[in-house]
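See structure below.
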Amino acid sequence: MWKKDDDLNPAPGAPGSEKLPTSRDPARSTPATGERAAIGRSITIRGEVSGEEDLLIQGHVDGSVNLKQQVVTVGREGQVKADITGRVVNVEGEVEGNLKAEEQVILRSSARVQGDITAPRVVLEDGANFRGGIDMGEPETQGKRPADEPKVTEKKTSEPTQALGGLSKVVSGSITETSDAVSKTGN
Amino acid sequence: MHWLRRPWRATPREAGADEPEEPGEKEANSPLRERSAPGIEALFAGLREDGSHAILDLGPAAGGSFRLYSRFARRIRFADLLNAPARGEGWAKALQSLSPDPEHPYDLVLAWNLLDRVPPRGRSLVVESLARLTTSGARLYVVVDGSGDPTPRPLRFTLLGLDRVGQQPVGDPYPALPQLLPAKVERLLHPFRVEHGFTLKLGHREYVAVRR
């Protein structure tokens with residue numbers, strides 16, 4: 001069921017092939033595990049998803065997604081009915097639920113989101129379909145910070161990256177594979 | 001209250017920014033019309049860009065609007081009441097979905113042309129709801145269509161600047177309701193008091209009212 005990102009990335013030029021943020025991005029600040037798991041488009045998960053690595057959702061998730069220190073991406077094919085917590089939450093598909101991010105929430109132009117967003121930085125691309133509230137926290141005491149201005153953060157090195165490594169998704173609840181084969185998700 | 005007439009600058013805009021990407025949607029073929037918006041200018045006049053405000057937009061979310069709002073507010077809500085009929089929601093139910101936040105009441109509300117869309121019996125309910133959600137001194141922005149178009153189409157509004165608005169017809173036409181005349185608007189908006197009114201070309205009117 002869990003497939004590494006490399007298996008799911010579409011060919012260059014194909015829809016959804018654009019670069020998505022991951023912990024491997026040099027500009028990212030959290031310990032990088034070098035891993036990104038993915039939920040293929042034929043997968044349906046009901047329950048809680050949690051873990052210590054980045055996640056790409058191209059399938060269906062109904063419940064909650066809790067990856068506080070990671071990048072959670074809902075791909076164009078993804079359909080999520082769940083609250084999502086992550087360090088960065090990047091939405092290209094459909095979400096019905098609240099989005100909470102330690103750093104940033106990004107709603108791409110293809111996103112369809114109904115729920116509330118809590119994050120210090122929010123990017124809402126033109127064309128994104130969004131209904132809900134946005135809470136970016138208390139105002140800064142000095143200066144202003146436009147919502148879509150790139151933010152550079154220092155890289156934390158205090159925590160051992162190995163401690164976060166490995167495939168450690170925890171899924172409680174039922175998992176349903178639909179008729180499409182998992183291997184098709186990369187096509 | 002002062003009235004100021006401004007020219008309507010309807011300029012065709014290149015396809016792109018706010019047009020939906022999904023093919024087949026009706027708005028894909030509807031041009032975004034850009035116009036001057038003295039009411040928006042009045043709405044934001046004098047506000048500090050320190051994020052201390054809370055903004056309620058009763059229209060659908062728009063990237064351009066959000067970028068502008070985020071200069072003034074850290075709390076922003078896109079309620080998208082304008083599309084409530086398309087979602088099959090009644091106006092009353094849509095209004096009920098807006099719950100007040102006692103800690104962070106809204107002090108800026110963009111109602112766009114909602115009053116044109118809501119049947120006359122429900123208009124006072126809209127204003128009552130907005131009064132419930134806002135703090136004393138809150139500013140309310142309203143657009144009223146005085147064009148007399150018998151079959152107007154719902155509009156999607158996008159802020160293109162502090163004095164520019166883009167509006168794009170989306171969805172199916174709906175039967176026009178009886179026109180709201182200026183005196184009626186002022187009475188209807190109570191407990192908001194109209195402080196600025198602007199008549200635009202084609203008969204559209206913008207109002208900025210302040211909650212007492």
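FYI, nothing fancy with the structure tokens labels: chains A, B, ... in order, residues from 1 per chain, ligands from 1 as they appear.
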
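Near chain B, counting only C-alpha atoms at 6 Å, the chain A residues are Leu124, Glu125, Asp126, Gly127, Phe130, Arg131, Gly132, Gly133, Ile134, Asp135, Met136 and Pro139 of chain A.
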
How would the residues just picked look written out with C-alpha atoms as a short mmCIF file (atom, residue, chain, number, x, y, z; two decimals), in the first residue's frame?
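Result file is again.cif:
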data_model
loop_
_atom_site.label_atom_id
_atom_site.label_comp_id
_atom_site.auth_asym_id
_atom_site.auth_seq_id
_atom_site.Cartn_x
_atom_site.Cartn_y
_atom_site.Cartn_z
CA LEU A 124 -3.73 31.19 -1.93
CA GLU A 125 -3.12 30.90 -5.62
CA ASP A 126 -5.48 32.46 -8.12
CA GLY A 127 -8.05 29.91 -9.16
CA PHE A 130 -11.58 27.88 -0.91
CA ARG A 131 -14.32 28.43 1.61
CA GLY A 132 -13.43 28.95 5.22
CA GLY A 133 -11.40 30.96 7.62
CA ILE A 134 -7.70 31.75 7.68
CA ASP A 135 -5.94 32.37 10.97
CA MET A 136 -2.34 33.47 10.63
CA PRO A 139 0.13 40.28 14.24
#

Find the residues near Leu155 of chain B: any atom within 6 Å, counting only C-alpha atoms, skip ones fewer than 4 places away on the same chain, and give them as JSON, numbers by chain. {"B": [168, 169, 170]}

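With only C-alpha atoms as the atoms that count, the residue of B:Val165, B:Val127, B:Leu43, B:Leu200 with the shortest distance to Leu114 of chain B is B:Val127.
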